[in-house]
Amino acid sequence: MKSNEVKAVKHWAGRRAAMRLTLVGVVAIGLTACGGGGGDDSSEDSKDLRAAIDRLKAGMTYEEVVAAVGWEPNQNRNVWAHDGRSLQVIFRTPYNGNVPLIESARLSGNGEVIDRGYQ
C-alpha cells in the first residue's frame with residue numbers, strides 16, 4: 001500500500017509541475033500579445049505614415065517631425081518609406097531664424113497622394 005501512496009504523490013507532483021508550466025506559458029503568451037514593453041520602433045503599428053502626416057503641424061522643427069512620425073527617416077534625411085508608402089517632408093529656414101521649420105509634406109503610394117503645406 002505504501003508504494004501506491006508514493007506513486008500517487010509522485011504522480012500528483014508531476015501534474016502540479018505540468019499545470020504550473022502551462023500557467024506560465026499562458027501568462028507569457030498573454031504578455032506577448034499585449035505588446036510587452038512597447039517602444040519598439042520596428043513594429044508595424046508604429047509605422048503608419050497616414051497617421052503620421054495627420055500629426056504634423058506648422059512650425060515644427062526637424063526633431064519634432066521625427067517625434068511625430070515616431071521613427072527616424074529611412075530613405076534620406078527627410079523621407080520615410082514603409083509598406084508601399086513614402087512621406088517626404090520639406091523644411092525651410094525662416095528669414096528671421098536659423099532653425100529649419102516644416103514647409104510641406106507629401107504622402108504618396110498605395111494609390112493616393114496627400115500634399116500639405118505648413119505656412
# chains A, B, ... in the order shown; residues from 1 in each chain; ligands from 1

call {"tool": "select_by_dssp", "arguments": {"residues": "region 39-88 of chain A", "states": "alpha helix (DSSP H)", "output": "ChimeraX atom specification"}}
result
/A:49-55,62-69

call {"tool": "residues_around", "arguments": {"residues": "region 91-94 of chain A", "least_positions_apart": "5", "cutoff": "10 Å", "atoms": "only C-alpha atoms", "output": "list in words"}}
result
Gly59, Met60, Thr61, Tyr62, Asn78, Val99, Pro100, Leu101, Ile102, Glu103, Ser104, Ala105 and Tyr118 of chain A

call {"tool": "write_last_selection", "arguments": {"atoms": "N, CA and C atoms", "output": "CSV table (one decimal), in the first residue's frame"}}
result
chain,number,residue,atom,x,y,z
A,59,GLY,N,5.2,75.0,-38.0
A,59,GLY,CA,6.2,75.4,-37.1
A,59,GLY,C,7.0,74.3,-36.4
A,60,MET,N,6.8,73.1,-36.9
A,60,MET,CA,7.6,72.0,-36.3
A,60,MET,C,9.0,72.0,-36.8
A,61,THR,N,10.0,71.7,-35.9
A,61,THR,CA,11.3,71.5,-36.3
A,61,THR,C,11.6,70.1,-36.8
A,62,TYR,N,12.8,69.9,-37.3
A,62,TYR,CA,13.1,68.5,-37.8
A,62,TYR,C,12.9,67.5,-36.7
A,78,ASN,N,15.0,63.3,-44.9
A,78,ASN,CA,13.6,63.8,-44.8
A,78,ASN,C,12.6,62.9,-45.5
A,99,VAL,N,16.7,78.0,-37.5
A,99,VAL,CA,16.2,76.6,-37.3
A,99,VAL,C,15.2,76.3,-38.4
A,100,PRO,N,15.5,75.3,-39.2
A,100,PRO,CA,14.6,75.0,-40.3
A,100,PRO,C,13.3,74.5,-39.7
A,101,LEU,N,12.2,74.9,-40.3
A,101,LEU,CA,10.8,74.6,-39.9
A,101,LEU,C,10.1,73.8,-41.1
A,102,ILE,N,9.1,73.0,-40.7
A,102,ILE,CA,8.4,72.3,-41.8
A,102,ILE,C,7.7,73.3,-42.7
A,103,GLU,N,7.8,73.0,-44.0
A,103,GLU,CA,7.2,73.8,-45.0
A,103,GLU,C,6.1,73.1,-45.7
A,104,SER,N,6.3,71.8,-46.1
A,104,SER,CA,5.3,71.0,-46.7
A,104,SER,C,5.6,69.5,-46.5
A,105,ALA,N,4.6,68.7,-46.8
A,105,ALA,CA,4.8,67.3,-46.7
A,105,ALA,C,3.9,66.6,-47.8
A,118,TYR,N,2.5,73.9,-44.7
A,118,TYR,CA,2.5,74.3,-43.3
A,118,TYR,C,3.2,75.7,-43.3

call {"tool": "atom_distance", "arguments": {"atom1": "CA of Ile53 (chain A)", "atom2": "CA of Leu107 (chain A)"}}
result
7.3 Å
